[in-house]
Amino acid sequence: MTTQTGHETKTSKPFMDAVKVRRSIYAISKEAVVSDDKIIEIVQDAVKHTPSSFNSQSARVVVLLGENHDKLWDLTTETLRKIVAADQFEATAQKMGAFKSGYGTVLFFEDQTVVDGLMQQFPSYADNFPIWSQQSSGMHQFVVWTALENEGFGATLQHYNPLIDDEVRSTWSLPSSWKLIAQMPFGKPTAAPGEKQFQPIDERVKVFK
């Protein structure tokens with residue numbers, strides 16, 4: 001809800017409020033917070049409106065809900081089982097179970113066909129396009145994360161790529177040019193996050209007027 005008074009615009013839930021409350025939430029459940037249609041709308045809006053270098057629109061996103069969400073964390077568990085020592089695997093299995101206990105997962109990709117095409121089209125910037133691609137993906141991740149938490153979900157950002165890349169592409173029949181960047185399991189929070197510590201802001205931000 002937005003109201004205008006003179007030249008001032010007041011929003012009932014300011015953008016920075018949503019930014020401030022976004023946290024890594026590991027304790028999540030499968031309980032629905034909003035409809036699946038709302039989740040899809042959030043992701044679609046994020047992909048459509050989040051900026052990218054040269055307006056390349058190289059971001060690709062997959063939303064996994066229901067049994068597809070469960071399948072992701074089952075295949076990740078089995079992939080890790082092959083490389084984690086047996087006497088250390090219980091902790092890994094518990095972590096995978098915690099992610100699986102959530103409502104869904106958002107997978108973030110970058111289409112390397114788009115990135116490679118820009119490198120060829122603009123050779124003087126070639127070294128920068130992979131970097132800009134990662135930066136754009138980070139913005140997409142942040143927008144989706146903040147928007148989901150704004151609706152009442154809790155989420156975290158995980159990186160089991162490249163270990164699971166091939167199986168993810170195979171399982172969901174995704175193009176080989178889609179490079180997996182991150183995985184975001186989300187669900188209804190079942191416990192509050194711990195207190196977050198901040199470094200002195202004046203050591204991190206310098207202002208010259």
# chains A, B, ... in the order shown; residues from 1 in each chain; ligands from 1
$ residues_around --residues "Phe153 (chain A)" --least-positions-apart "2" --cutoff "7 Å" --atoms "only C-alpha atoms" --output "PyMOL selection string"
chain A and resi 33+148-149+151+155+186-189
$ closest_atom_pairs --of "region 141-201 of chain A" --to "region 42-58 of chain A" --cutoff "7 Å" --atoms "only C-alpha atoms" --output "Markdown table"
| residue | atom | partner | partner_atom | distance |
| --- | --- | --- | --- | --- |
| A:Val143 | CA | A:Ala46 | CA | 6.2 |
| A:Val144 | CA | A:Val43 | CA | 6.1 |
| A:Ala147 | CA | A:Ile42 | CA | 6.8 |
$ write_last_selection --atoms "C-alpha atoms" --output "PDB file, in the first residue's frame"
ATOM      1  CA  VAL A 143      16.002 -10.368  -4.949  1.00  0.00           C
ATOM      2  CA  VAL A 144      14.363 -13.809  -4.771  1.00  0.00           C
ATOM      3  CA  ALA A 147      11.089 -11.409  -1.667  1.00  0.00           C
TER       4      ALA A 147
END
$ closest_residue --among "A:Pro193, A:Lys179, A:Gly66, A:Ser136" --to "Ile25 (chain A)" --atoms "only C-alpha atoms"
A:Pro193
$ decode --residues "region 32-59 of chain A" --atoms "N, CA and C atoms" --output "JSON list (two decimals), in the first residue's frame"
[["chain", "number", "residue", "atom", "x", "y", "z"],
["A", 32, "ALA", "N", 2.85, -24.59, 3.96],
["A", 32, "ALA", "CA", 2.68, -23.53, 2.97],
["A", 32, "ALA", "C", 2.53, -22.17, 3.66],
["A", 33, "VAL", "N", 3.16, -21.16, 3.10],
["A", 33, "VAL", "CA", 3.05, -19.80, 3.61],
["A", 33, "VAL", "C", 2.21, -18.96, 2.65],
["A", 34, "VAL", "N", 2.47, -19.11, 1.37],
["A", 34, "VAL", "CA", 1.67, -18.48, 0.32],
["A", 34, "VAL", "C", 1.41, -19.55, -0.74],
["A", 35, "SER", "N", 0.61, -19.22, -1.72],
["A", 35, "SER", "CA", 0.29, -20.19, -2.77],
["A", 35, "SER", "C", 1.49, -20.43, -3.68],
["A", 36, "ASP", "N", 1.48, -21.57, -4.37],
["A", 36, "ASP", "CA", 2.53, -21.86, -5.34],
["A", 36, "ASP", "C", 2.53, -20.81, -6.44],
["A", 37, "ASP", "N", 1.36, -20.33, -6.82],
["A", 37, "ASP", "CA", 1.27, -19.30, -7.86],
["A", 37, "ASP", "C", 2.01, -18.04, -7.42],
["A", 38, "LYS", "N", 1.93, -17.70, -6.13],
["A", 38, "LYS", "CA", 2.62, -16.52, -5.63],
["A", 38, "LYS", "C", 4.14, -16.72, -5.67],
["A", 39, "ILE", "N", 4.58, -17.90, -5.32],
["A", 39, "ILE", "CA", 6.01, -18.20, -5.37],
["A", 39, "ILE", "C", 6.52, -18.05, -6.80],
["A", 40, "ILE", "N", 5.78, -18.61, -7.74],
["A", 40, "ILE", "CA", 6.18, -18.54, -9.15],
["A", 40, "ILE", "C", 6.18, -17.08, -9.62],
["A", 41, "GLU", "N", 5.19, -16.32, -9.20],
["A", 41, "GLU", "CA", 5.13, -14.90, -9.56],
["A", 41, "GLU", "C", 6.36, -14.14, -9.05],
["A", 42, "ILE", "N", 6.75, -14.42, -7.82],
["A", 42, "ILE", "CA", 7.93, -13.76, -7.24],
["A", 42, "ILE", "C", 9.17, -14.05, -8.08],
["A", 43, "VAL", "N", 9.37, -15.31, -8.42],
["A", 43, "VAL", "CA", 10.55, -15.70, -9.18],
["A", 43, "VAL", "C", 10.51, -15.11, -10.58],
["A", 44, "GLN", "N", 9.37, -15.15, -11.22],
["A", 44, "GLN", "CA", 9.24, -14.59, -12.57],
["A", 44, "GLN", "C", 9.51, -13.09, -12.57],
["A", 45, "ASP", "N", 8.98, -12.38, -11.59],
["A", 45, "ASP", "CA", 9.21, -10.94, -11.51],
["A", 45, "ASP", "C", 10.68, -10.65, -11.27],
["A", 46, "ALA", "N", 11.32, -11.45, -10.42],
["A", 46, "ALA", "CA", 12.74, -11.24, -10.14],
["A", 46, "ALA", "C", 13.58, -11.44, -11.40],
["A", 47, "VAL", "N", 13.30, -12.51, -12.14],
["A", 47, "VAL", "CA", 14.07, -12.79, -13.35],
["A", 47, "VAL", "C", 13.81, -11.71, -14.40],
["A", 48, "LYS", "N", 12.60, -11.23, -14.48],
["A", 48, "LYS", "CA", 12.25, -10.23, -15.49],
["A", 48, "LYS", "C", 12.87, -8.87, -15.20],
["A", 49, "HIS", "N", 12.93, -8.48, -13.93],
["A", 49, "HIS", "CA", 13.27, -7.10, -13.61],
["A", 49, "HIS", "C", 14.65, -6.90, -12.99],
["A", 50, "THR", "N", 15.35, -7.95, -12.61],
["A", 50, "THR", "CA", 16.69, -7.79, -12.05],
["A", 50, "THR", "C", 17.68, -7.48, -13.17],
["A", 51, "PRO", "N", 18.55, -6.50, -12.99],
["A", 51, "PRO", "CA", 19.43, -6.07, -14.09],
["A", 51, "PRO", "C", 20.52, -7.08, -14.42],
["A", 52, "SER", "N", 21.03, -6.95, -15.65],
["A", 52, "SER", "CA", 22.15, -7.77, -16.11],
["A", 52, "SER", "C", 23.00, -6.93, -17.05],
["A", 53, "SER", "N", 24.28, -7.25, -17.17],
["A", 53, "SER", "CA", 25.17, -6.47, -18.01],
["A", 53, "SER", "C", 24.73, -6.52, -19.47],
["A", 54, "PHE", "N", 24.75, -5.36, -20.13],
["A", 54, "PHE", "CA", 24.34, -5.25, -21.53],
["A", 54, "PHE", "C", 22.91, -5.76, -21.73],
["A", 55, "ASN", "N", 22.12, -5.77, -20.66],
["A", 55, "ASN", "CA", 20.77, -6.34, -20.70],
["A", 55, "ASN", "C", 20.80, -7.74, -21.31],
["A", 56, "SER", "N", 21.79, -8.51, -20.92],
["A", 56, "SER", "CA", 22.00, -9.83, -21.52],
["A", 56, "SER", "C", 20.92, -10.83, -21.13],
["A", 57, "GLN", "N", 20.30, -10.62, -19.96],
["A", 57, "GLN", "CA", 19.24, -11.50, -19.48],
["A", 57, "GLN", "C", 19.68, -12.97, -19.53],
["A", 58, "SER", "N", 20.88, -13.21, -19.01],
["A", 58, "SER", "CA", 21.47, -14.56, -19.05],
["A", 58, "SER", "C", 21.01, -15.45, -17.91],
["A", 59, "ALA", "N", 20.28, -14.92, -16.95],
["A", 59, "ALA", "CA", 19.82, -15.72, -15.80],
["A", 59, "ALA", "C", 18.78, -16.75, -16.23]]
